[in-house]
$ cat query-v2.csv   # CSV, C-alpha atoms
chain,number,residue,atom,x,y,z
H,1,MET,CA,65.3,-56.6,-20.7
H,2,ASN,CA,68.4,-58.5,-21.7
H,3,GLU,CA,67.6,-61.1,-19.3
H,4,SER,CA,64.2,-61.6,-20.9
H,5,ILE,CA,65.8,-62.0,-24.4
H,6,PHE,CA,68.3,-64.6,-23.2
H,7,GLU,CA,65.6,-66.3,-21.2
H,8,GLY,CA,63.6,-66.8,-24.4
H,9,VAL,CA,66.5,-68.4,-26.4
H,10,ALA,CA,68.1,-70.4,-23.6
H,11,PRO,CA,68.6,-74.1,-24.7
H,12,THR,CA,66.7,-76.8,-22.9
H,13,VAL,CA,68.8,-79.8,-21.8
H,14,THR,CA,67.1,-83.1,-21.4
H,15,THR,CA,68.7,-85.7,-19.2
H,16,THR,CA,68.1,-89.4,-19.1
H,17,PRO,CA,67.3,-90.6,-15.6
H,18,SER,CA,69.9,-92.9,-14.2
H,19,GLY,CA,67.1,-95.3,-13.2
H,20,ASP,CA,66.1,-95.8,-16.9
H,21,ILE,CA,69.7,-96.6,-17.9
H,22,SER,CA,70.0,-99.1,-15.0
H,23,ALA,CA,66.8,-100.7,-16.0
H,24,LEU,CA,67.9,-100.9,-19.7
H,25,VAL,CA,71.2,-102.6,-18.7
H,26,LEU,CA,69.5,-105.0,-16.5
H,27,TYR,CA,67.0,-105.8,-19.2
H,28,ILE,CA,69.7,-106.6,-21.7
H,29,ILE,CA,71.6,-108.8,-19.2
H,30,VAL,CA,68.5,-110.7,-18.4
H,31,LEU,CA,67.6,-111.0,-22.1
H,32,TYR,CA,70.9,-112.6,-23.0
H,33,LEU,CA,71.0,-114.8,-19.9
H,34,PHE,CA,67.5,-116.0,-20.8
H,35,THR,CA,68.6,-116.5,-24.5
H,36,PHE,CA,71.7,-118.5,-23.3
H,37,PHE,CA,69.4,-120.7,-21.2
H,38,LEU,CA,67.0,-121.3,-24.0
H,39,ALA,CA,69.8,-122.1,-26.5
H,40,TRP,CA,71.3,-124.5,-24.0
H,41,LEU,CA,68.0,-126.1,-23.2
H,42,ALA,CA,67.1,-126.5,-26.9
H,43,GLY,CA,70.5,-128.0,-27.7
H,44,LYS,CA,70.3,-130.4,-24.8
H,45,SER,CA,66.8,-131.4,-25.7
H,46,LEU,CA,67.7,-132.0,-29.4
H,47,GLN,CA,70.8,-133.9,-28.3
H,48,GLN,CA,68.8,-136.3,-26.2
H,49,PHE,CA,66.0,-136.5,-28.7
H,50,SER,CA,68.4,-137.5,-31.5
H,51,GLU,CA,69.7,-140.4,-29.5
H,52,LEU,CA,66.2,-142.0,-29.8
H,53,PHE,CA,66.6,-142.3,-33.6
H,54,SER,CA,69.9,-144.0,-34.6
H,55,LYS,CA,69.4,-143.5,-38.3
H,56,ASP,CA,68.4,-139.8,-38.1
H,57,ARG,CA,70.6,-138.9,-35.2
H,58,VAL,CA,73.1,-136.8,-37.2
H,59,THR,CA,70.3,-135.1,-39.1
H,60,ILE,CA,68.5,-134.0,-35.9
H,61,LYS,CA,71.8,-132.8,-34.4
H,62,MET,CA,72.3,-130.6,-37.4
H,63,LEU,CA,69.5,-128.3,-36.1
H,64,ILE,CA,71.3,-127.5,-32.9
H,65,PRO,CA,73.7,-124.7,-34.3
H,66,LEU,CA,70.9,-123.3,-36.5
H,67,VAL,CA,68.6,-123.0,-33.5
H,68,LYS,CA,71.3,-121.2,-31.4
H,69,ILE,CA,71.9,-118.7,-34.2
H,70,ILE,CA,68.2,-117.9,-34.5
H,71,PHE,CA,67.9,-117.4,-30.7
H,72,TYR,CA,70.8,-115.0,-30.5
H,73,CYS,CA,69.8,-113.0,-33.6
H,74,ILE,CA,66.3,-112.5,-32.1
H,75,ALA,CA,67.8,-111.5,-28.7
H,76,THR,CA,70.2,-109.0,-30.4
H,77,TRP,CA,67.3,-107.4,-32.3
H,78,PHE,CA,65.3,-107.0,-29.0
H,79,ALA,CA,68.4,-105.4,-27.4
H,80,ILE,CA,68.9,-102.9,-30.3
H,81,SER,CA,65.2,-102.1,-30.3
H,82,ALA,CA,65.2,-101.4,-26.6
H,83,ILE,CA,68.2,-99.1,-26.9
H,84,LEU,CA,67.3,-97.1,-30.1
H,85,ASP,CA,63.6,-97.9,-30.9
H,86,PRO,CA,64.6,-97.4,-34.6
H,87,SER,CA,62.5,-96.8,-37.6
H,88,TYR,CA,63.0,-98.9,-40.8
H,89,ALA,CA,65.4,-96.3,-42.3
H,90,GLU,CA,67.3,-95.9,-39.1
H,91,THR,CA,67.6,-99.7,-38.7
H,92,VAL,CA,69.1,-100.1,-42.2
H,93,ALA,CA,71.5,-97.2,-41.6
H,94,PHE,CA,72.5,-98.6,-38.1
H,95,LEU,CA,73.1,-102.1,-39.4
H,96,GLY,CA,75.3,-100.7,-42.1
H,97,LEU,CA,77.4,-98.6,-39.7
H,98,PHE,CA,77.4,-101.4,-37.1
H,99,GLY,CA,78.6,-103.9,-39.7
H,100,ALA,CA,81.4,-101.6,-40.9
H,101,GLY,CA,82.5,-101.0,-37.3
H,102,LEU,CA,82.5,-104.6,-36.4
H,103,GLY,CA,84.3,-105.5,-39.6
H,104,PHE,CA,87.3,-103.4,-38.5
H,105,GLY,CA,87.2,-103.9,-34.8
H,106,LEU,CA,86.1,-107.5,-34.5
H,107,LYS,CA,87.5,-109.1,-37.7
H,108,ASP,CA,88.5,-112.4,-36.2
H,109,LEU,CA,85.2,-112.8,-34.3
H,110,LEU,CA,83.2,-112.0,-37.4
H,111,SER,CA,85.3,-114.5,-39.4
H,112,ASN,CA,84.5,-117.2,-36.9
H,113,ILE,CA,80.8,-116.3,-37.0
H,114,ILE,CA,80.7,-116.3,-40.8
H,115,GLY,CA,82.6,-119.5,-40.8
H,116,GLY,CA,80.0,-121.0,-38.5
H,117,ILE,CA,77.2,-119.9,-40.8
H,118,VAL,CA,79.1,-121.3,-43.8
H,119,ILE,CA,79.5,-124.6,-42.0
H,120,ILE,CA,75.7,-124.8,-41.3
H,121,ILE,CA,74.7,-123.9,-44.9
H,122,GLU,CA,77.3,-125.9,-46.9
H,123,LYS,CA,77.7,-128.7,-44.4
H,124,PRO,CA,81.3,-129.8,-44.9
H,125,TYR,CA,80.7,-131.6,-41.6
H,126,GLN,CA,77.8,-131.9,-39.1
H,127,ILE,CA,77.3,-132.6,-35.5
H,128,GLY,CA,77.9,-136.3,-35.0
H,129,ASP,CA,80.4,-136.7,-37.9
H,130,LYS,CA,83.8,-138.2,-37.4
H,131,ILE,CA,86.2,-135.7,-39.0
H,132,ALA,CA,89.9,-135.1,-39.5
H,133,PHE,CA,90.6,-131.4,-39.1
H,134,GLY,CA,94.2,-130.4,-39.3
H,135,ASP,CA,96.1,-132.5,-36.8
H,136,TYR,CA,92.9,-133.6,-34.9
H,137,TYR,CA,90.5,-136.5,-35.4
H,138,GLY,CA,87.3,-137.1,-33.5
H,139,GLU,CA,83.5,-136.8,-33.3
H,140,VAL,CA,81.9,-133.3,-33.8
H,141,THR,CA,79.9,-132.6,-30.6
H,142,ASP,CA,79.0,-128.9,-31.2
H,143,ILE,CA,79.0,-126.3,-33.9
H,144,GLY,CA,78.7,-122.8,-32.2
H,145,LEU,CA,78.8,-119.3,-33.5
H,146,ARG,CA,82.6,-119.0,-33.0
H,147,THR,CA,84.0,-122.5,-32.7
H,148,THR,CA,83.6,-126.2,-33.4
H,149,ARG,CA,84.1,-128.8,-30.7
H,150,LEU,CA,85.1,-132.4,-31.3
H,151,VAL,CA,86.0,-135.2,-29.0
H,152,THR,CA,89.1,-137.3,-29.9
H,153,PRO,CA,89.5,-141.0,-29.4
H,154,PHE,CA,91.5,-140.2,-26.2
H,155,ASP,CA,88.4,-138.3,-24.9
H,156,ASP,CA,90.1,-134.9,-25.3
H,157,VAL,CA,87.8,-132.0,-26.2
H,158,VAL,CA,89.3,-129.9,-29.0
H,159,THR,CA,88.0,-126.4,-29.8
H,160,ILE,CA,88.6,-125.2,-33.4
H,161,PRO,CA,87.9,-121.6,-34.5
H,162,ASN,CA,85.3,-121.7,-37.3
H,163,TYR,CA,87.3,-119.4,-39.6
H,164,GLN,CA,89.8,-122.2,-40.2
H,165,ILE,CA,87.2,-123.8,-42.5
H,166,PHE,CA,88.3,-121.2,-45.1
H,167,SER,CA,92.0,-122.2,-45.1
H,168,GLY,CA,92.1,-125.8,-44.0
H,169,SER,CA,90.8,-129.1,-45.4
H,170,VAL,CA,88.3,-131.3,-43.6
H,171,SER,CA,87.8,-135.0,-44.1
H,172,SER,CA,84.5,-136.5,-42.9
H,173,GLY,CA,84.3,-140.2,-42.4
H,174,ASN,CA,80.5,-140.6,-42.4
H,175,PHE,CA,79.2,-137.2,-43.8
H,176,GLY,CA,75.9,-137.1,-42.0
H,177,SER,CA,75.3,-140.9,-41.9
H,178,THR,CA,75.6,-143.2,-38.9
H,179,ALA,CA,77.3,-145.8,-41.0
H,180,MET,CA,81.0,-145.3,-41.7
H,181,MET,CA,83.8,-147.1,-43.6
H,182,VAL,CA,86.6,-148.3,-41.4
H,183,VAL,CA,89.9,-149.3,-42.9
H,184,THR,CA,92.1,-151.7,-41.0
H,185,ASP,CA,95.5,-153.0,-41.9
H,186,LEU,CA,97.0,-156.3,-40.8
H,187,PHE,CA,100.5,-157.4,-41.7
H,188,ILE,CA,101.7,-161.0,-42.2
H,189,ASP,CA,105.0,-162.6,-42.9
H,190,ASN,CA,106.2,-162.9,-46.5
H,191,ASN,CA,106.3,-166.7,-46.3
H,192,SER,CA,102.8,-167.0,-45.0
H,193,ASP,CA,99.8,-168.0,-47.3
H,194,TYR,CA,98.3,-164.6,-48.0
H,195,SER,CA,95.4,-166.1,-50.0
H,196,ARG,CA,94.3,-168.1,-47.0
H,197,ALA,CA,94.8,-165.1,-44.7
H,198,GLN,CA,92.7,-163.0,-47.0
H,199,MET,CA,89.9,-165.6,-46.8
H,200,LEU,CA,90.1,-165.7,-43.0
H,201,VAL,CA,89.9,-161.9,-42.7
H,202,ARG,CA,86.8,-161.9,-45.1
H,203,GLU,CA,85.1,-164.5,-42.9
H,204,THR,CA,85.9,-162.5,-39.8
H,205,ILE,CA,84.4,-159.3,-41.2
H,206,ALA,CA,81.3,-161.2,-42.4
H,207,SER,CA,80.6,-162.5,-38.9
H,208,SER,CA,81.4,-159.3,-37.1
H,209,PRO,CA,78.5,-157.9,-35.0
H,210,TYR,CA,79.6,-154.3,-35.8
H,211,VAL,CA,79.5,-154.5,-39.6
H,212,ILE,CA,76.7,-153.8,-42.0
H,213,ILE,CA,76.9,-155.6,-45.4
H,214,SER,CA,74.6,-154.8,-48.3
H,215,ASP,CA,74.7,-153.5,-51.9
H,216,GLU,CA,75.0,-150.0,-50.5
H,217,PHE,CA,77.6,-150.9,-48.0
H,218,PRO,CA,80.0,-153.5,-49.5
H,219,TYR,CA,83.2,-154.8,-47.9
H,220,THR,CA,86.4,-155.8,-49.5
H,221,VAL,CA,89.8,-157.3,-48.4
H,222,LEU,CA,92.9,-156.3,-50.5
H,223,ILE,CA,96.4,-157.8,-50.5
H,224,GLN,CA,99.5,-155.8,-51.3
H,225,SER,CA,103.0,-157.4,-51.2
H,226,PHE,CA,106.1,-155.7,-50.0
H,227,PRO,CA,109.7,-157.0,-49.9
H,228,PHE,CA,109.4,-158.3,-46.3
H,229,TYR,CA,105.7,-158.7,-45.6
H,230,HIS,CA,102.2,-158.8,-47.1
H,231,ARG,CA,99.6,-156.1,-46.1
H,232,ILE,CA,96.0,-157.2,-45.7
H,233,ARG,CA,93.7,-154.1,-46.0
H,234,ALA,CA,90.2,-154.7,-44.7
H,235,LYS,CA,87.5,-152.1,-45.7
H,236,ALA,CA,84.1,-152.4,-44.2
H,237,TYR,CA,81.2,-150.2,-43.0
H,238,VAL,CA,80.3,-150.3,-39.3
H,239,THR,CA,76.6,-149.9,-38.4
H,240,ASP,CA,77.4,-146.9,-36.2
H,241,HIS,CA,80.6,-144.8,-36.4
H,242,ARG,CA,80.9,-145.0,-32.6
H,243,TYR,CA,81.8,-148.7,-33.0
H,244,GLU,CA,84.9,-147.8,-35.1
H,245,PHE,CA,87.5,-148.9,-32.5
H,246,GLU,CA,85.4,-151.7,-31.0
H,247,TYR,CA,85.2,-153.2,-34.5
H,248,GLN,CA,88.9,-152.8,-35.2
H,249,SER,CA,89.8,-154.5,-31.9
H,250,ASP,CA,87.3,-157.3,-32.6
H,251,LEU,CA,88.7,-157.8,-36.1
H,252,HIS,CA,92.3,-157.9,-35.0
H,253,GLN,CA,91.6,-160.4,-32.2
H,254,ARG,CA,89.5,-162.9,-34.1
H,255,ALA,CA,91.4,-162.6,-37.4
H,256,TRP,CA,94.7,-163.3,-35.6
H,257,ASP,CA,93.3,-166.2,-33.6
H,258,ALA,CA,92.1,-167.8,-36.9
H,259,MET,CA,95.4,-167.1,-38.7
H,260,LYS,CA,97.6,-168.5,-36.0
H,261,ASN,CA,95.6,-171.7,-36.2
H,262,GLU,CA,96.7,-171.8,-39.9
H,263,ASN,CA,100.4,-171.1,-39.1
H,264,ILE,CA,100.1,-167.6,-40.5
H,265,SER,CA,102.5,-165.3,-38.6
H,266,SER,CA,103.2,-161.6,-38.4
H,267,PRO,CA,106.5,-160.2,-39.8
H,268,HIS,CA,109.3,-159.1,-37.6
H,269,GLN,CA,109.4,-155.6,-39.0
H,270,VAL,CA,106.9,-153.4,-41.0
H,271,PHE,CA,108.3,-150.6,-43.1
H,272,ILE,CA,105.7,-148.0,-43.7
H,273,PRO,CA,106.7,-145.2,-46.2
H,274,GLY,CA,107.6,-142.0,-44.2
H,275,ASP,CA,107.8,-143.8,-40.9
H,276,TYR,CA,110.5,-145.7,-39.0
H,277,PRO,CA,110.4,-149.5,-39.1
H,278,GLN,CA,107.8,-150.8,-36.7
H,279,VAL,CA,108.4,-153.9,-34.8
H,280,ILE,CA,105.3,-156.0,-34.4

$ encode --input "query-v2.csv" --output "structure tokens"
Amino acid sequence: MNESIFEGVAPTVTTTPSGDISALVLYIIVLYLFTFFLAWLAGKSLQQFSELFSKDRVTIKMLIPLVKIIFYCIATWFAISAILDPSYAETVAFLGLFGAGLGFGLKDLLSNIIGGIVIIIEKPYQIGDKIAFGDYYGEVTDIGLRTTRLVTPFDDVVTIPNYQIFSGSVSSGNFGSTAMMVVTDLFIDNNSDYSRAQMLVRETIASSPYVIISDEFPYTVLIQSFPFYHRIRAKAYVTDHRYEFEYQSDLHQRAWDAMKNENISSPHQVFIPGDYPQVI
């Protein structure tokens, strides 16, 4: 009789077949691999598509990080749904607990992700911009969930955590435009005719194939005198920020050729505040 009583109240234990767990893990792995492929394909396609439109290249590239975030958010939702199959109330509760847990355990990762979202929304810089970030300067090639990548003039790829946007300052040379102002300094001897040198530099800029000149994109040449030399500062907009160094090389070469024909020479030393004397 006792056996019949215990038999009636004995708990039932349900077990999840190991095959179901294996299938679920495989599903999630395939889901994220597929998402990674889609995000890569979309980014590559937008990258190539943007090169067809020089004026709107930077604007089109802006969509790349946004598309990646959308893809990964959708994949994460499918993964959570496959694991829990939650109701609306359970979804809200889970997201709250999940966010609190991540906040403590993955603070740096979340800071980077939030930084990436802030970058996309506030746009302190965009893909295709020439920026100065801390000690680095180069073109932004990718804005991901965790990091920003830029390529320096020396063709080095620099990876910067997105959270640094909250504590550091960023300078963007073109700020979403293909045109960009380039400032170039030339130094001439104190005994040289600086007015004539200024005119020659202006003519060189006006005839440069890399420069755009209009009411929206003016150019100027400024003179500043120092005890041992004159500084000629040329400020002009290049048609495409990728021509920055080609333009500077062209300006130096043609301007100096013209100035040497006018007996305008460079100084023996240039003293730049904060630097050691530079011999040129």

$ closest_residue --input "query-v2.csv" --among "H:Ile113, H:Leu222, H:Ala236, H:Ile188" --to "Thr147 in chain H" --atoms "only C-alpha atoms"
H:Ile113

$ atom_distance --input "query-v2.csv" --atom1 "CA of Val182 in chain H" --atom2 "CA of Phe245 in chain H"
9.0 Å

$ residues_around --input "query-v2.csv" --residues "Gln126 in chain H" --least-positions-apart "4" --cutoff "12 Å" --atoms "only C-alpha atoms" --output "ChimeraX atom specification"
/H:57-66,116,118-122,130-131,139-144,148-150,170-178

$ write_last_selection --input "query-v2.csv" --atoms "C-alpha atoms" --output "compact mmCIF listing (two decimals), in the coordinates of the input"
# COMPACT_ATOMS: atom_id res chain seq x y z
CA ARG H 57 70.60 -138.90 -35.20
CA VAL H 58 73.10 -136.80 -37.20
CA THR H 59 70.30 -135.10 -39.10
CA ILE H 60 68.50 -134.00 -35.90
CA LYS H 61 71.80 -132.80 -34.40
CA MET H 62 72.30 -130.60 -37.40
CA LEU H 63 69.50 -128.30 -36.10
CA ILE H 64 71.30 -127.50 -32.90
CA PRO H 65 73.70 -124.70 -34.30
CA LEU H 66 70.90 -123.30 -36.50
CA GLY H 116 80.00 -121.00 -38.50
CA VAL H 118 79.10 -121.30 -43.80
CA ILE H 119 79.50 -124.60 -42.00
CA ILE H 120 75.70 -124.80 -41.30
CA ILE H 121 74.70 -123.90 -44.90
CA GLU H 122 77.30 -125.90 -46.90
CA LYS H 130 83.80 -138.20 -37.40
CA ILE H 131 86.20 -135.70 -39.00
CA GLU H 139 83.50 -136.80 -33.30
CA VAL H 140 81.90 -133.30 -33.80
CA THR H 141 79.90 -132.60 -30.60
CA ASP H 142 79.00 -128.90 -31.20
CA ILE H 143 79.00 -126.30 -33.90
CA GLY H 144 78.70 -122.80 -32.20
CA THR H 148 83.60 -126.20 -33.40
CA ARG H 149 84.10 -128.80 -30.70
CA LEU H 150 85.10 -132.40 -31.30
CA VAL H 170 88.30 -131.30 -43.60
CA SER H 171 87.80 -135.00 -44.10
CA SER H 172 84.50 -136.50 -42.90
CA GLY H 173 84.30 -140.20 -42.40
CA ASN H 174 80.50 -140.60 -42.40
CA PHE H 175 79.20 -137.20 -43.80
CA GLY H 176 75.90 -137.10 -42.00
CA SER H 177 75.30 -140.90 -41.90
CA THR H 178 75.60 -143.20 -38.90

$ closest_residue --input "query-v2.csv" --among "H:Pro227, H:Met199, H:Ile69, H:Ala75" --to "Gly43 in chain H" --atoms "all atoms listed in the file"
H:Ile69

$ axis_aligned_box --input "query-v2.csv" --around "range 185-194 of chain H" --padding-each-side "4 Å" --output "AutoDock Vina command-line options"
--center_x 100.9 --center_y -160.5 --center_z -44.4 --size_x 18.8 --size_y 23.0 --size_z 15.2

$ residues_around --input "query-v2.csv" --residues "Ile264 in chain H" --least-positions-apart "5" --cutoff "9 Å" --atoms "all atoms listed in the file" --output "PyMOL selection string"
chain H and resi 188-189+191-194+196-197+256+258-259

$ closest_residue --input "query-v2.csv" --among "H:Ile29, H:Ser111, H:Leu186, H:Tyr163" --to "Phe78 in chain H" --atoms "all atoms listed in the file"
H:Ile29

$ closest_residue --input "query-v2.csv" --among "H:Leu145, H:Ile127, H:Ala79, H:Val158" --to "Val30 in chain H" --atoms "only C-alpha atoms"
H:Ala79

$ closest_residue --input "query-v2.csv" --among "H:Asp185, H:Glu51, H:Glu203, H:Asp257" --to "Lys235 in chain H" --atoms "all atoms listed in the file"
H:Asp185

$ residues_around --input "query-v2.csv" --residues "Ile213 in chain H" --least-positions-apart "4" --cutoff "8 Å" --atoms "all atoms listed in the file" --output "list in words"
Ala206, Phe217, Pro218, Tyr219, Ala236 and Tyr237 of chain H

$ atom_distance --input "query-v2.csv" --atom1 "CA of Phe133 in chain H" --atom2 "CA of His241 in chain H"
16.9 Å

$ closest_residue --input "query-v2.csv" --among "H:Ile205, H:Ile74, H:Ile160, H:Met181" --to "Phe34 in chain H" --atoms "only C-alpha atoms"
H:Ile74

$ atom_distance --input "query-v2.csv" --atom1 "CA of Gly96 in chain H" --atom2 "CA of Val67 in chain H"
24.8 Å

$ decode --input "query-v2.csv" --residues "range 34-52 of chain H" --atoms "N, CA and C atoms" --output "short mmCIF file (atom, residue, chain, number, x, y, z; two decimals), in the first residue's frame"
data_model
loop_
_atom_site.label_atom_id
_atom_site.label_comp_id
_atom_site.auth_asym_id
_atom_site.auth_seq_id
_atom_site.Cartn_x
_atom_site.Cartn_y
_atom_site.Cartn_z
N PHE H 34 26.13 32.64 -41.18
CA PHE H 34 25.35 33.19 -42.29
C PHE H 34 25.22 34.71 -42.15
N THR H 35 24.99 35.18 -40.92
CA THR H 35 24.88 36.61 -40.66
C THR H 35 26.21 37.32 -40.96
N PHE H 36 27.30 36.69 -40.53
CA PHE H 36 28.62 37.27 -40.81
C PHE H 36 28.85 37.38 -42.31
N PHE H 37 28.46 36.35 -43.05
CA PHE H 37 28.63 36.37 -44.50
C PHE H 37 27.77 37.46 -45.14
N LEU H 38 26.51 37.57 -44.68
CA LEU H 38 25.62 38.59 -45.22
C LEU H 38 26.15 40.00 -44.93
N ALA H 39 26.62 40.21 -43.68
CA ALA H 39 27.16 41.52 -43.32
C ALA H 39 28.39 41.85 -44.16
N TRP H 40 29.26 40.85 -44.34
CA TRP H 40 30.46 41.07 -45.16
C TRP H 40 30.09 41.37 -46.61
N LEU H 41 29.13 40.61 -47.14
CA LEU H 41 28.71 40.79 -48.53
C LEU H 41 28.07 42.16 -48.72
N ALA H 42 27.21 42.56 -47.78
CA ALA H 42 26.56 43.86 -47.88
C ALA H 42 27.58 44.99 -47.79
N GLY H 43 28.54 44.86 -46.86
CA GLY H 43 29.58 45.88 -46.73
C GLY H 43 30.44 45.99 -47.97
N LYS H 44 30.81 44.84 -48.52
CA LYS H 44 31.64 44.83 -49.73
C LYS H 44 30.88 45.42 -50.91
N SER H 45 29.60 45.07 -51.03
CA SER H 45 28.79 45.59 -52.14
C SER H 45 28.61 47.10 -52.04
N LEU H 46 28.31 47.58 -50.82
CA LEU H 46 28.15 49.02 -50.64
C LEU H 46 29.47 49.76 -50.88
N GLN H 47 30.58 49.12 -50.47
CA GLN H 47 31.89 49.72 -50.70
C GLN H 47 32.16 49.91 -52.19
N GLN H 48 31.91 48.87 -52.97
CA GLN H 48 32.15 48.95 -54.41
C GLN H 48 31.14 49.88 -55.09
N PHE H 49 29.89 49.83 -54.63
CA PHE H 49 28.86 50.69 -55.20
C PHE H 49 29.17 52.17 -54.97
N SER H 50 29.73 52.47 -53.79
CA SER H 50 30.04 53.87 -53.45
C SER H 50 31.13 54.45 -54.35
N GLU H 51 32.03 53.59 -54.84
CA GLU H 51 33.11 54.07 -55.69
C GLU H 51 32.60 54.55 -57.05
N LEU H 52 31.36 54.20 -57.41
CA LEU H 52 30.79 54.65 -58.67
C LEU H 52 30.30 56.08 -58.61
#
